[in-house]
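Working notes for the structure below.
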Amino acid sequence: MYVGAALAVGLFERVSPAGVAWLRLAGAAVVLAVWRLAARRWSRAARGGRVRWSRRRVALAGAFGLVTAGMNIVFYEAIARLPLGTAVAVEFAGPVLVAALGSRSRRDWSALALVVVGVALIADVRLEGSPAGVVFALLAALLWAGYIVLGARVSSGSGSTGEGIDGLAIGFVVAAVVLSPLALTAGPIAGEPLLLGSALALGVLSSVVPYVLDQVVLRRVGRARFALLLALLPLTATVVGLVGLAQIPAPLEAVGIAAVVVGVALRREPAADPPAGDPPA
């Protein structure tokens with residue numbers, strides 16, 4: 001995901017962050033739609049019957065796609081103004097909120113406390129330098145919480161992981177169509193195949209791969225545990241920022257990353273049986 005984010009930063013010189021976010025969305029929608037159609041998941045269920053999509057399920061998938069697209073847009077606006085690791089740290093307030101609402105034990109709260117402390121240490125936000133960047137990152141945090149909640153409903157409401165990915169594809173197609181006016185801001189790269197290829201790679205790296213894996217994991221572990229596992233993302237964002245964007249973390253940020261990782265390790269639960277219709281993990 002954050003390799004894709006680093007690639008997106010390079011495109012900001014030619015296209016607005018919102019335009020890059022739409023290119024990512026459209027690229028992911030095309031790849032997912034072709035994949036699911038090729039697998040005949042939209043026309044046939046795993047047992048040979050027809051897949052029936054009620055209006056409610058389509059509306060839920062569409063809402064999920066729009067929330068995901070909105071999250072991507074404001075996140076790109078944030079990383080256009082803030083370092084990658086800082087923006088991710090602020091954005092992580094969303095998953096922490098979802099994890100807190102799903103916690104039950106003292107151990108859970110201890111783990112969450114470590115995560116919160118770690119995020120606070122690695123944030124290193126300079127409000128004086130870019131207040132707009134902080135606002136965009138906080139909006140991304142709110143939408144990320146919505147992504148987790150809606151994503152869990154999309155995955156749990158499907159009969160199989162494949163149908164959950166179908167919902168993801170439908171949501172992306174709906175969002176790409178609804179937000180198609182943003183394509184006008186992507187005009188500068190319309191005649192440049194290399195940049196268009198980069199945009200397609202962005203969709204695969206930042207949306208198709210991680211969001212498909214999200215659908216698989218959400219069905220197996222639940223939204224609270226999933227939200228806490230996302231605490232690993234500030235670590236990956238920091239590593240990608242270091243390697244790809246030459247953003248070196250301060251010693252205090254390194255301590256924060258360690259606190260986040262310890263918090264994730266502290267939260268352990270007995271393995272649950274996989275949902276019906278899914279193969280064993």
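Letters A, B, ... go to the chains of the structure tokens in the order shown; residues in each chain start at 1; ligands are counted from 1 in the same order.
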
Q: Pick out the residues sitting within 6 Å of stretch 106-116 of chain A, and hand them over as a ChimeraX atom specification; count only C-alpha atoms, and ignore anything fewer than 6 positions along from it in its own chain.
A: /A:259-260,263,266-267

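Residues surrounding stretch 70-76 of chain A within 6 Å are A:Pro17, A:Ala18, A:Ala21, A:Val67, A:Ile79, A:Phe136, A:Ala137, A:Ala140, A:Leu143 [only C-alpha atoms; sequence separation below 3 positions excluded].
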
Q: Could you check which of A:Met1, A:Leu229, A:Leu23, A:Ala132 is closest to A:Thr185, using only C-alpha atoms?
A: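 For A:Thr185, the nearest of the given residues is A:Leu23.
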
(Q) When you count only C-alpha atoms, which of these residues is closest to A:Tyr2: A:Leu233, A:Ile165, A:Leu200, A:Ala250? (A) A:Leu233
